[in-house]
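Step one of this worksheet: look at the structure below.
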Amino acid sequence: MPPSRPTPAARSPRAALAELLAGNRRFVSGQPVHGHDVTAAAAVASGDQQPYAVVLGCIDSRVPLEAIFDQTFGSICVIRTGAHVLDRAVLGSIEFVVGQLGVPLVMVLGHERCGAVGSAVAALRTGERPGGSLAYLVEQIAPAVAEVGADDPQVHPLAVRRHVRRTVAALRADDLLAAPVATGEVAVAGALYDLATGEVTLLPEE
């Protein structure tokens, strides 16, 4: 039997985070319970959606969020942008699921060997910005790279972590999220995904 989701009455940031991490442990151990069968989609099609978390992650094809957290239809809302960069559409989407759907947890998930972070590192090292809208992604990631130092030998993994923390801080300070975060009704957590092992590790608070 698949593990039950937290009920609306019992949901809390702590319960939501525990369920996400439990799903990741099932995934890592090779014992996922959700196969994304069409019958699971049909089972939740007629009722109102009641997700318990929203996960903001990267577009990287090696990081399919529902799979790595072993979640079925209706469990989590997923938003993916290059290096989980925030823009108004992303913020509005998160505000919607928190405010209108009562989601108690927002997770920001970074990962190693992120190509978007690599582009930002290259831009700061060479002074050459990419063209098109890729420049926007680089501009949003660049402060994390600058804080680490573009010439640091460990700049890429350190910048990934710094960028996750900056994204978490921006969400916690958002006009519509700050109040529920302050009261503990909503939590914003940062985490890292290991491409080789499949494991998700929470970033400690600074």
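Residue numbers start at 1 in each chain; chains themselves are named A, B, ... in the order of the structure tokens; ligands are numbered from 1 in the order shown.
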
For the contact check between range 76-154 of chain A and range 42-66 of chain A, emit one row per residue of range 76-154 of chain A within 6 Å, containing the shortest atom pair and the distance in Å rounded to one decimal, counting only C-alpha atoms, chain then rising number order, as a tab-separated table.
```
residue	atom	partner	partner_atom	distance
A:Ile76	CA	A:Pro51	CA	4.9
A:Cys77	CA	A:Val54	CA	4.5
A:Val78	CA	A:Val55	CA	5.1
A:Ile79	CA	A:Leu56	CA	4.8
A:Arg80	CA	A:Gly57	CA	4.8
A:Thr81	CA	A:Cys58	CA	5.1
A:Gly82	CA	A:Cys58	CA	5.1
A:Ala83	CA	A:Cys58	CA	4.7
A:His84	CA	A:Cys58	CA	4.8
A:Val103	CA	A:Tyr52	CA	5.0
A:Leu105	CA	A:Ala53	CA	4.8
A:Val106	CA	A:Val54	CA	5.0
A:Met107	CA	A:Val55	CA	4.7
A:Val108	CA	A:Leu56	CA	4.9
A:Leu109	CA	A:Gly57	CA	4.9
```

Checklist entry - What lies within 12 Å of Asp152 in chain A using only C-alpha atoms, ignoring chain neighbours under 5 positions off, as a PyMOL selection string? => result chain A and resi 121+124-125+145-147+157-159

Checklist entry - DSSP on the backbone: what in range 48-134 of chain A comes out strand (DSSP E or B), as a list in words? => result Ala53, Val54, Val55, Leu56, Gly57, Ile76, Cys77, Val78, Ile79, Arg80, Leu105, Val106, Met107, Val108, Leu109, Gly110 and His111 of chain A

Using N, CA and C atoms, can you write the selected residues to a file as an mmCIF file, in the first residue's frame?
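This went into part-v1.cif:
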```cif
data_model
loop_
_atom_site.group_PDB
_atom_site.id
_atom_site.type_symbol
_atom_site.label_atom_id
_atom_site.label_comp_id
_atom_site.auth_asym_id
_atom_site.auth_seq_id
_atom_site.Cartn_x
_atom_site.Cartn_y
_atom_site.Cartn_z
ATOM 1 N N ALA A 53 3.213 20.176 -0.493
ATOM 2 C CA ALA A 53 4.494 20.873 -0.651
ATOM 3 C C ALA A 53 4.607 21.397 -2.071
ATOM 4 N N VAL A 54 5.414 22.430 -2.225
ATOM 5 C CA VAL A 54 5.807 22.896 -3.553
ATOM 6 C C VAL A 54 7.326 22.831 -3.603
ATOM 7 N N VAL A 55 7.838 22.216 -4.658
ATOM 8 C CA VAL A 55 9.284 22.062 -4.813
ATOM 9 C C VAL A 55 9.733 22.896 -6.005
ATOM 10 N N LEU A 56 10.662 23.802 -5.753
ATOM 11 C CA LEU A 56 11.259 24.623 -6.800
ATOM 12 C C LEU A 56 12.629 24.048 -7.119
ATOM 13 N N GLY A 57 12.777 23.542 -8.331
ATOM 14 C CA GLY A 57 14.033 22.922 -8.708
ATOM 15 C C GLY A 57 14.523 23.394 -10.056
ATOM 16 N N ILE A 76 2.506 16.876 -4.728
ATOM 17 C CA ILE A 76 3.348 18.067 -4.670
ATOM 18 C C ILE A 76 3.159 18.902 -5.930
ATOM 19 N N CYS A 77 3.351 20.199 -5.768
ATOM 20 C CA CYS A 77 3.417 21.113 -6.907
ATOM 21 C C CYS A 77 4.892 21.273 -7.270
ATOM 22 N N VAL A 78 5.189 21.299 -8.551
ATOM 23 C CA VAL A 78 6.571 21.360 -9.018
ATOM 24 C C VAL A 78 6.762 22.567 -9.918
ATOM 25 N N ILE A 79 7.815 23.326 -9.659
ATOM 26 C CA ILE A 79 8.215 24.452 -10.498
ATOM 27 C C ILE A 79 9.679 24.250 -10.845
ATOM 28 N N ARG A 80 10.014 24.370 -12.126
ATOM 29 C CA ARG A 80 11.395 24.161 -12.539
ATOM 30 C C ARG A 80 11.848 25.294 -13.449
ATOM 31 N N LEU A 105 4.791 23.849 2.959
ATOM 32 C CA LEU A 105 6.233 23.712 2.758
ATOM 33 C C LEU A 105 6.638 24.127 1.358
ATOM 34 N N VAL A 106 7.675 24.958 1.284
ATOM 35 C CA VAL A 106 8.323 25.298 0.022
ATOM 36 C C VAL A 106 9.750 24.787 0.104
ATOM 37 N N MET A 107 10.135 23.918 -0.831
ATOM 38 C CA MET A 107 11.515 23.438 -0.856
ATOM 39 C C MET A 107 12.214 23.966 -2.093
ATOM 40 N N VAL A 108 13.417 24.490 -1.895
ATOM 41 C CA VAL A 108 14.294 24.909 -2.989
ATOM 42 C C VAL A 108 15.374 23.852 -3.123
ATOM 43 N N LEU A 109 15.441 23.205 -4.288
ATOM 44 C CA LEU A 109 16.367 22.095 -4.468
ATOM 45 C C LEU A 109 17.408 22.417 -5.531
ATOM 46 N N GLY A 110 18.648 22.533 -5.096
ATOM 47 C CA GLY A 110 19.763 22.692 -6.014
ATOM 48 C C GLY A 110 20.418 21.351 -6.278
ATOM 49 N N HIS A 111 21.374 21.316 -7.206
ATOM 50 C CA HIS A 111 22.065 20.060 -7.491
ATOM 51 C C HIS A 111 23.468 20.347 -8.001
#
```

Next on the checklist: With distances taken over only C-alpha atoms, which residue among A:Gly198, A:Gly115, A:Pro104, A:Gly99 lies nearest Arg14 in chain A?
Outcome noted: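 Ranking A:Gly198, A:Gly115, A:Pro104, A:Gly99 by distance to Arg14 in chain A, first place goes to A:Pro104.
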
Checklist entry - Quick one: distance from CA of Ser12 in chain A to CA of Leu101 in chain A in Å, one decimal? => result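 Atom-to-atom, CA of Ser12 in chain A to CA of Leu101 in chain A, that is 13.2 Å.
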
Near range 70-73 of chain A, 10 Å: range 13-38 of chain A residue rows, closest pairs, only C-alpha atoms, as JSON lines:
```
{"residue": "A:Glu19", "atom": "CA", "partner": "A:Gln71", "partner_atom": "CA", "distance": 9.2}
{"residue": "A:Leu20", "atom": "CA", "partner": "A:Gln71", "partner_atom": "CA", "distance": 8.0}
{"residue": "A:Leu21", "atom": "CA", "partner": "A:Asp70", "partner_atom": "CA", "distance": 9.4}
{"residue": "A:Ala22", "atom": "CA", "partner": "A:Asp70", "partner_atom": "CA", "distance": 8.6}
{"residue": "A:Gly23", "atom": "CA", "partner": "A:Asp70", "partner_atom": "CA", "distance": 4.8}
{"residue": "A:Asn24", "atom": "CA", "partner": "A:Asp70", "partner_atom": "CA", "distance": 6.2}
{"residue": "A:Arg25", "atom": "CA", "partner": "A:Asp70", "partner_atom": "CA", "distance": 8.7}
{"residue": "A:Arg26", "atom": "CA", "partner": "A:Asp70", "partner_atom": "CA", "distance": 6.9}
{"residue": "A:Phe27", "atom": "CA", "partner": "A:Asp70", "partner_atom": "CA", "distance": 6.0}
{"residue": "A:Val28", "atom": "CA", "partner": "A:Asp70", "partner_atom": "CA", "distance": 9.6}
{"residue": "A:Gln31", "atom": "CA", "partner": "A:Asp70", "partner_atom": "CA", "distance": 9.2}
{"residue": "A:Pro32", "atom": "CA", "partner": "A:Asp70", "partner_atom": "CA", "distance": 5.8}
{"residue": "A:Val33", "atom": "CA", "partner": "A:Asp70", "partner_atom": "CA", "distance": 6.9}
{"residue": "A:His34", "atom": "CA", "partner": "A:Thr72", "partner_atom": "CA", "distance": 5.6}
{"residue": "A:Gly35", "atom": "CA", "partner": "A:Thr72", "partner_atom": "CA", "distance": 7.7}
{"residue": "A:His36", "atom": "CA", "partner": "A:Thr72", "partner_atom": "CA", "distance": 6.2}
{"residue": "A:Asp37", "atom": "CA", "partner": "A:Thr72", "partner_atom": "CA", "distance": 8.9}
{"residue": "A:Val38", "atom": "CA", "partner": "A:Phe73", "partner_atom": "CA", "distance": 9.3}
```

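Distance check against Tyr193 in chain A using only C-alpha atoms: of A:Val155, A:Val160, A:Ala116, A:Leu137, the minimum falls on A:Val160.
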
Checklist entry - When you draw a straight line from CA of Phe69 in chain A to CA of Ala142 in chain A, how long is it in Å? => result 28.8 Å
